[in-house]
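Peer 1: My structure file coords10.txt, compact mmCIF, C-alpha atoms, is below:
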# COMPACT_ATOMS: atom_id res chain seq x y z
CA MET M 1 0.00 0.00 0.00
CA THR M 2 1.37 3.38 -0.97
CA TYR M 3 -0.19 6.81 -0.43
CA HIS M 4 0.58 9.99 -2.35
CA VAL M 5 1.90 12.79 -0.12
CA PRO M 6 1.92 16.40 -1.35
CA ARG M 7 5.17 18.21 -0.65
CA GLY M 8 4.30 21.80 -1.56
CA GLY M 9 7.01 23.80 -3.26
CA LEU M 10 6.54 25.60 -6.57
CA PRO M 11 7.19 24.62 -10.19
CA PRO M 12 10.25 26.31 -11.71
CA GLN M 13 9.79 29.41 -13.87
CA THR M 14 10.77 27.27 -16.87
CA ALA M 15 7.75 24.97 -16.43
CA LEU M 16 4.87 25.08 -18.91
CA THR M 17 1.51 26.17 -17.52
CA THR M 18 -0.13 23.50 -19.67
CA GLY M 19 1.99 20.77 -18.06
CA GLY M 20 0.68 19.36 -14.77
CA ASP M 21 -1.50 22.36 -13.85
CA GLY M 22 -2.95 22.52 -17.35
CA ARG M 23 -5.23 19.59 -16.48
CA ALA M 24 -7.15 21.67 -13.93
CA ARG M 25 -10.86 21.88 -14.77
CA PHE M 26 -13.86 23.46 -13.10
CA THR M 27 -17.27 22.78 -14.63
CA GLU M 28 -20.88 22.68 -13.50
CA ALA M 29 -20.73 18.87 -13.30
CA TYR M 30 -17.22 18.15 -12.03
CA ALA M 31 -13.83 19.58 -11.12
CA VAL M 32 -10.27 18.29 -11.39
CA ILE M 33 -7.56 19.73 -9.12
CA PRO M 34 -4.20 18.27 -10.23
CA ALA M 35 -1.57 17.26 -7.70
CA ARG M 36 0.79 20.06 -8.78
CA THR M 37 -1.69 22.71 -7.65
CA GLN M 38 -1.04 21.66 -4.01
CA SER M 39 1.83 24.14 -3.86
CA ASP M 40 3.09 26.60 -1.28
CA ILE M 41 1.01 29.50 -2.58
CA THR M 42 -2.28 27.59 -2.39
CA ALA M 43 -1.83 26.45 1.23
CA SER M 44 -4.22 27.65 3.96
CA TYR M 45 -3.99 27.93 7.75
CA LEU M 46 -6.44 27.63 10.64
CA PRO M 47 -6.73 29.27 14.08
CA ASP M 48 -6.19 27.06 17.14
CA TRP M 49 -3.59 24.97 15.27
CA ASP M 50 0.20 25.00 15.68
CA GLY M 51 2.63 24.01 12.94
CA MET M 52 -0.10 23.12 10.46
CA ARG M 53 -0.82 24.08 6.88
CA MET M 54 -3.43 22.56 4.59
CA TRP M 55 -4.76 22.45 1.06
CA VAL M 56 -8.52 22.96 0.81
CA LEU M 57 -9.65 20.76 -2.07
CA ALA M 58 -13.42 21.14 -1.59
CA ARG M 59 -15.79 23.30 0.42
CA PRO M 60 -19.53 23.99 0.27
CA LEU M 61 -19.92 26.56 -2.48
CA SER M 62 -22.59 27.47 -5.02
CA GLY M 63 -21.93 25.38 -8.11
CA PHE M 64 -19.40 23.17 -6.32
CA ALA M 65 -19.38 20.78 -3.34
CA GLU M 66 -22.66 20.93 -1.44
CA THR M 67 -22.34 18.38 1.37
CA PHE M 68 -18.67 18.28 2.45
CA SER M 69 -15.26 19.90 2.75
CA TRP M 70 -11.96 18.13 2.10
CA TYR M 71 -8.54 19.18 3.42
CA VAL M 72 -5.09 17.68 3.07
CA ALA M 73 -3.26 18.84 6.20
CA GLU M 74 0.46 18.78 6.98
CA VAL M 75 1.53 18.92 10.65
CA ALA M 76 5.10 19.74 11.68
CA PRO M 77 6.84 17.98 14.58
CA GLY M 78 5.27 19.23 17.82
CA GLY M 79 2.32 20.71 15.94
CA GLY M 80 -1.36 20.01 16.28
CA SER M 81 -4.44 21.31 18.05
CA GLU M 82 -6.33 20.83 21.29
CA ASP M 83 -9.45 22.35 19.72
CA PRO M 84 -9.32 21.43 16.02
CA GLU M 85 -12.99 21.71 15.02
CA ALA M 86 -14.87 25.01 15.22
CA ASP M 87 -18.26 23.69 14.05
CA PRO M 88 -20.20 21.68 16.68
CA GLU M 89 -22.28 20.01 13.92
CA ALA M 90 -19.29 18.71 11.96
CA GLU M 91 -18.43 15.02 11.84
CA ALA M 92 -15.07 14.05 10.37
CA VAL M 93 -12.97 11.33 8.84
CA LEU M 94 -9.19 11.49 9.19
CA PHE M 95 -6.99 9.34 6.94
CA VAL M 96 -3.23 9.43 7.49
CA VAL M 97 -0.89 9.17 4.50
CA ASP M 98 2.48 10.08 6.04
CA GLY M 99 4.16 10.21 9.44
CA HIS M 100 2.65 9.57 12.86
CA LEU M 101 -0.04 11.40 14.82
CA SER M 102 -1.54 11.02 18.27
CA LEU M 103 -5.33 11.32 18.35
CA ARG M 104 -7.25 11.82 21.59
CA ALA M 105 -10.98 11.25 21.24
CA ASP M 106 -13.50 11.09 24.09
CA GLY M 107 -10.83 10.20 26.65
CA SER M 108 -9.03 7.51 24.61
CA THR M 109 -5.71 7.92 22.81
CA TYR M 110 -4.90 6.39 19.43
CA GLU M 111 -1.57 6.30 17.62
CA LEU M 112 -2.08 6.87 13.91
CA GLU M 113 0.26 5.93 11.05
CA PRO M 114 -0.01 5.80 7.25
CA GLY M 115 -3.19 3.88 6.44
CA SER M 116 -4.94 4.78 9.71
CA TYR M 117 -8.61 5.76 9.47
CA ALA M 118 -10.55 7.62 12.18
CA TYR M 119 -14.25 8.49 12.18
CA LEU M 120 -15.14 11.27 14.64
CA PRO M 121 -18.83 11.99 15.29
CA GLN M 122 -19.96 15.57 15.74
CA VAL M 123 -20.35 15.05 19.49
CA ALA M 124 -16.77 13.83 19.97
CA ASP M 125 -14.23 15.78 22.00
CA TRP M 126 -10.96 15.31 20.12
CA SER M 127 -7.48 16.68 19.63
CA LEU M 128 -4.54 15.82 17.38
CA ARG M 129 -0.78 16.10 17.91
CA ASN M 130 2.40 15.21 16.06
CA ALA M 131 4.76 14.02 18.79
CA SER M 132 7.26 12.58 16.31
CA GLU M 133 10.34 14.15 14.75
CA ALA M 134 8.97 14.10 11.18
CA THR M 135 6.16 15.89 9.37
CA ALA M 136 2.82 14.06 9.24
CA THR M 137 0.14 14.42 6.57
CA PHE M 138 -3.53 13.44 6.72
CA HIS M 139 -6.81 13.89 4.86
CA TRP M 140 -9.56 15.62 6.83
CA ILE M 141 -13.06 15.21 5.40
CA ARG M 142 -15.87 17.12 7.14
CA LYS M 143 -19.65 17.01 6.86
CA ALA M 144 -22.56 18.43 8.86
CA TYR M 145 -24.17 15.38 10.48
CA HIS M 146 -27.81 14.74 9.55
CA ARG M 147 -29.58 13.37 12.64
CA VAL M 148 -32.58 11.05 12.36
CA GLU M 149 -35.04 10.79 15.26
CA GLY M 150 -34.85 7.36 16.89
CA LEU M 151 -31.59 6.41 15.17
CA PRO M 152 -28.49 6.19 17.41
CA GLU M 153 -25.59 8.39 16.43
CA PRO M 154 -22.25 6.79 15.46
CA ASP M 155 -19.40 6.24 17.89
CA VAL M 156 -15.72 7.05 17.44
CA LEU M 157 -14.11 4.49 15.15
CA VAL M 158 -10.36 4.08 14.64
CA THR M 159 -8.94 1.34 12.43
CA HIS M 160 -6.34 0.74 9.69
CA GLU M 161 -6.63 -0.16 6.04
CA ARG M 162 -4.71 -3.41 6.55
CA ASP M 163 -7.32 -4.53 9.10
CA VAL M 164 -10.28 -4.12 6.74
CA GLU M 165 -10.83 -6.81 4.12
CA PRO M 166 -11.55 -5.33 0.67
CA VAL M 167 -14.87 -6.35 -0.88
CA GLU M 168 -14.62 -7.59 -4.46
CA MET M 169 -17.14 -6.00 -6.78
CA PRO M 170 -19.44 -8.67 -8.26
CA GLY M 171 -18.12 -10.48 -11.31
CA THR M 172 -14.71 -8.76 -11.36
CA ASP M 173 -12.46 -11.51 -9.89
CA GLY M 174 -10.97 -8.94 -7.54
CA VAL M 175 -9.80 -6.58 -10.29
CA TRP M 176 -12.13 -3.94 -8.78
CA SER M 177 -12.59 -3.85 -5.00
CA THR M 178 -13.68 -1.48 -2.25
CA THR M 179 -12.31 -1.16 1.28
CA ARG M 180 -15.32 -0.12 3.38
CA PHE M 181 -14.42 1.17 6.83
CA VAL M 182 -18.10 1.43 7.86
CA PRO M 183 -20.71 -1.27 7.08
CA THR M 184 -23.12 -0.20 4.35
CA ASP M 185 -26.11 -1.30 6.45
CA ASP M 186 -25.18 0.91 9.42
CA LEU M 187 -27.75 3.64 8.86
CA SER M 188 -26.43 5.79 11.69
CA HIS M 189 -23.72 6.94 9.28
CA ASP M 190 -24.67 9.55 6.68
CA MET M 191 -21.35 9.52 4.84
CA HIS M 192 -18.91 6.87 3.69
CA VAL M 193 -15.20 7.34 3.06
CA ASN M 194 -13.85 4.24 1.30
CA ILE M 195 -10.80 3.20 -0.68
CA VAL M 196 -11.54 2.00 -4.21
CA SER M 197 -8.87 -0.12 -5.91
CA PHE M 198 -8.34 -1.33 -9.47
CA ALA M 199 -5.71 -3.70 -10.79
CA PRO M 200 -4.07 -2.58 -14.06
CA GLY M 201 -6.65 -2.75 -16.82
CA GLY M 202 -9.58 -2.80 -14.39
CA THR M 203 -12.61 -0.71 -15.26
CA ILE M 204 -15.89 0.74 -14.12
CA PRO M 205 -17.65 -0.77 -17.14
CA PHE M 206 -20.64 1.60 -17.33
CA PRO M 207 -21.28 5.29 -16.64
CA GLU M 208 -22.34 5.34 -12.98
CA THR M 209 -25.05 7.98 -12.57
CA HIS M 210 -26.43 8.35 -9.04
CA VAL M 211 -27.61 10.66 -6.32
CA MET M 212 -24.43 10.57 -4.20
CA GLU M 213 -22.03 13.50 -4.43
CA HIS M 214 -18.39 12.42 -4.68
CA GLY M 215 -14.94 13.57 -3.73
CA LEU M 216 -12.04 11.41 -5.00
CA TYR M 217 -8.35 11.73 -4.14
CA VAL M 218 -5.99 9.49 -6.09
CA LEU M 219 -3.70 7.73 -3.60
CA GLU M 220 -1.75 5.66 -6.10
CA GLY M 221 -1.41 4.98 -9.83
CA LYS M 222 -3.05 6.51 -12.87
CA ALA M 223 -6.20 6.08 -14.96
CA VAL M 224 -8.43 7.63 -17.57
CA TYR M 225 -11.60 8.79 -15.81
CA LEU M 226 -14.96 9.62 -17.39
CA LEU M 227 -16.38 12.79 -15.87
CA ASN M 228 -19.73 13.73 -17.36
CA THR M 229 -18.89 13.58 -21.11
CA ASP M 230 -15.11 14.05 -20.83
CA TRP M 231 -12.37 11.44 -20.51
CA VAL M 232 -9.64 12.91 -18.27
CA GLU M 233 -6.22 11.50 -17.36
CA VAL M 234 -5.64 11.44 -13.61
CA GLU M 235 -2.74 10.33 -11.43
CA ALA M 236 -1.63 10.08 -7.81
CA GLY M 237 -2.31 13.33 -5.94
CA ASP M 238 -5.14 14.50 -8.19
CA PHE M 239 -8.51 15.41 -6.66
CA MET M 240 -11.89 15.15 -8.39
CA TRP M 241 -15.28 16.49 -7.37
CA LEU M 242 -18.42 15.04 -8.97
CA ARG M 243 -21.81 16.57 -8.38
CA ALA M 244 -24.83 14.33 -7.88
CA PHE M 245 -25.80 12.45 -11.07
CA CYS M 246 -22.54 13.27 -12.87
CA PRO M 247 -21.79 10.18 -15.03
CA GLN M 248 -18.50 8.48 -14.12
CA ALA M 249 -16.43 5.50 -15.24
CA CYS M 250 -12.73 4.68 -15.47
CA TYR M 251 -9.99 2.58 -17.04
CA ALA M 252 -7.00 1.85 -14.78
CA GLY M 253 -3.85 2.45 -16.78
CA GLY M 254 -1.17 0.50 -14.90
CA PRO M 255 1.59 -0.50 -14.58
CA GLY M 256 0.61 -0.67 -10.88
CA PRO M 257 -2.69 -0.45 -8.96
CA PHE M 258 -4.99 2.57 -9.27
CA ARG M 259 -6.46 3.51 -5.86
CA TYR M 260 -8.41 6.47 -4.57
CA LEU M 261 -10.00 7.71 -1.36
CA LEU M 262 -13.71 8.23 -2.02
CA TYR M 263 -16.30 10.35 -0.18
CA LYS M 264 -20.06 10.03 -0.70
CA ASP M 265 -23.17 11.12 1.20
CA VAL M 266 -25.50 8.20 1.98
CA ASN M 267 -28.49 6.86 3.93
CA ARG M 268 -30.68 9.96 4.12
CA HIS M 269 -33.74 11.41 2.40
CA ALA M 270 -33.02 13.92 -0.34
CA PRO M 271 -33.82 17.35 1.19
CA LEU M 272 -36.78 19.07 -0.48
CA THR M 273 -35.89 22.59 0.57
Represent the supplied structure as structure tokens.

Peer 2:
Amino acid sequence: MTYHVPRGGLPPQTALTTGGDGRARFTEAYAVIPARTQSDITASYLPDWDGMRMWVLARPLSGFAETFSWYVAEVAPGGGSEDPEADPEAEAVLFVVDGHLSLRADGSTYELEPGSYAYLPQVADWSLRNASEATATFHWIRKAYHRVEGLPEPDVLVTHERDVEPVEMPGTDGVWSTTRFVPTDDLSHDMHVNIVSFAPGGTIPFPETHVMEHGLYVLEGKAVYLLNTDWVEVEAGDFMWLRAFCPQACYAGGPGPFRYLLYKDVNRHAPLT
């Protein structure tokens, strides 16, 4: 298992704008934010954090993401926060791709490493610190939790990719699989963050068109991805946003696996207002 880690920096003045960054697209149906755009000048910062910078890849915005925000955050040695979340309605998923972090959630402490996954409900009291001597990087996906009367709210969940058995998609002989950190029949959860994996040559063999909004971050490999009516080349470090009902499919290009971290909103009525 390998995970792409953005390193910031800037392209040299001799670089062509139409090279890596030239693949950036922003449309009514989808967006592509190439890995190279996660540079020093696009980094953001937050109050109540020490030694942290982040790249905001998605946020609720008219004509863009409606249900979630997505950060890739870099924490320096000794950095972190005792009060990381300002919104009391926000639930979160953290997924670590580099270094080591110490998570405290509701009185328990968890040591996180590359491949660690943490779900934090909106009622959780949590903090995050980098007590190591190296920079740590993690994905931070946030959503306003949609409560349902009579349905229990989720608990804190911390696990690791290696401890979750991937589920083979039907009829694919394992060429296409999904690592699901939360059971699909657990209706207390209103979002899923999974890892989708394709062996070289694997495909989504039809244009998926569905109500779930998507965020996708390519962790490893490359592919040609169908976004609405456009086939777009994507590679490790690229981010894609797909609005609800945007057709999608892909061909994994090889020579190694193609894997991405996937967000989708699930298990709730479509709001009518």

Peer 1: Which of these, M:Gly99, M:Pro166, M:Gly80, M:Pro88, has the shortest distance to Ser127 of chain M once you count all atoms listed in the file?

Peer 2: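 Smallest separation from Ser127 of chain M among the options: M:Gly80.
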
Peer 1: Could you list as a list in words every residue that has an atom within 12 Å of (-4.6, -5.3, 5.4), using the file's coordinates and counting all atoms listed in the file?

Peer 2: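 Selection result: Met1, Gly115, Ser116, Thr159, His160, Glu161, Arg162, Asp163, Val164, Glu165, Pro166, Thr179 and Phe181 of chain M.
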
Peer 1: Save out the residues we just selected, C-alpha atoms, as an mmCIF file, in the coordinates of the input.

Peer 2:
data_model
loop_
_atom_site.group_PDB
_atom_site.id
_atom_site.type_symbol
_atom_site.label_atom_id
_atom_site.label_comp_id
_atom_site.auth_asym_id
_atom_site.auth_seq_id
_atom_site.Cartn_x
_atom_site.Cartn_y
_atom_site.Cartn_z
ATOM 1 C CA MET M 1 0.000 0.000 0.000
ATOM 2 C CA GLY M 115 -3.190 3.880 6.440
ATOM 3 C CA SER M 116 -4.940 4.780 9.710
ATOM 4 C CA THR M 159 -8.940 1.340 12.430
ATOM 5 C CA HIS M 160 -6.340 0.740 9.690
ATOM 6 C CA GLU M 161 -6.630 -0.160 6.040
ATOM 7 C CA ARG M 162 -4.710 -3.410 6.550
ATOM 8 C CA ASP M 163 -7.320 -4.530 9.100
ATOM 9 C CA VAL M 164 -10.280 -4.120 6.740
ATOM 10 C CA GLU M 165 -10.830 -6.810 4.120
ATOM 11 C CA PRO M 166 -11.550 -5.330 0.670
ATOM 12 C CA THR M 179 -12.310 -1.160 1.280
ATOM 13 C CA PHE M 181 -14.420 1.170 6.830
#

Peer 1: Check which residues of segment 174-269 of chain M sit at most 9 Å from segment 68-78 of chain M using all atoms listed in the file, and return one row each with the closest pair of atoms and their distance in Å to one decimal, ordered by chain and rising number, as JSON lines.

Peer 2:
{"residue": "M:Gly215", "atom": "CA", "partner": "M:Trp70", "partner_atom": "CA", "distance": 8.0}
{"residue": "M:Tyr263", "atom": "CA", "partner": "M:Phe68", "partner_atom": "CA", "distance": 8.7}
{"residue": "M:Lys264", "atom": "CA", "partner": "M:Phe68", "partner_atom": "CA", "distance": 8.9}
{"residue": "M:Asp265", "atom": "CA", "partner": "M:Phe68", "partner_atom": "CA", "distance": 8.5}

Peer 1: Could you name the residues that touch Ser39 of chain M at 8 Å or less, counting all atoms listed in the file, but leaving out those on the same chain fewer than 4 positions away, as a PyMOL selection string?

Peer 2: chain M and resi 7-10+43

Peer 1: Rounded to one decimal, what separation in Å do you get between atom CA of Thr37 of chain M and atom CA of Ala223 of chain M?

Peer 2: 18.7 Å

Peer 1: Name the residues within 10 Å of (-13.7, 15.8, 8.0), counting all atoms listed in the file in the file's coordinates, and put them as a PyMOL selection string.

Peer 2: chain M and resi 68-71+85+90-95+118-122+139-144+193

Peer 1: In terms of the shortest atom-to-atom distance over all atoms listed in the file, which of M:Asp238, M:Gly51, M:Tyr110, M:Pro257 is closest to Gly174 of chain M?

Peer 2: M:Pro257

Peer 1: Counting all atoms listed in the file, figure out which residue out of M:Val158, M:Trp241, M:Glu111, M:Arg147 gets nearest to Val32 of chain M.

Peer 2: M:Trp241

Peer 1: In terms of the shortest atom-to-atom distance over all atoms listed in the file, which of M:Ile41, M:Ala29, M:Leu219, M:Ala270 is closest to Gly237 of chain M?

Peer 2: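 Checking each of M:Ile41, M:Ala29, M:Leu219, M:Ala270 against Gly237 of chain M, counting all atoms listed in the file, the winner is M:Leu219.
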
Peer 1: With all atoms listed in the file as the basis for distance, which of M:Ala31, M:Ala86, M:Leu226, M:Val218 is at the shortest distance from Asp48 of chain M?

Peer 2: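 The answer is M:Ala86, which sits nearest to Asp48 of chain M.
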
Peer 1: Measuring atom to atom with all atoms listed in the file, identify which of M:Leu261, M:Leu46, M:Ala244, M:Met52 is nearest to Tyr117 of chain M.

Peer 2: M:Leu261

Peer 1: Please identify all polymer residues within 10 Å of segment 199-214 of chain M, counting all atoms listed in the file, omitting same-chain residues fewer than 3 positions from it, and present them as number ranges by chain.

Peer 2: M: 30, 65-68, 172, 174-177, 191, 193, 221-229, 240-259, 262-267, 270

Peer 1: Measure the distance from atom CA of Val232 of chain M to atom CA of Ile33 of chain M in Å and round it to one decimal.

Peer 2: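 Taking atom CA of Val232 of chain M and atom CA of Ile33 of chain M, their separation equals 11.6 Å.
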
Peer 1: Enter the distance from atom CA of Trp55 of chain M to atom CA of Asp190 of chain M, in Å, rounded to one decimal.

Peer 2: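 Going from atom CA of Trp55 of chain M over to atom CA of Asp190 of chain M, I get 24.4 Å.
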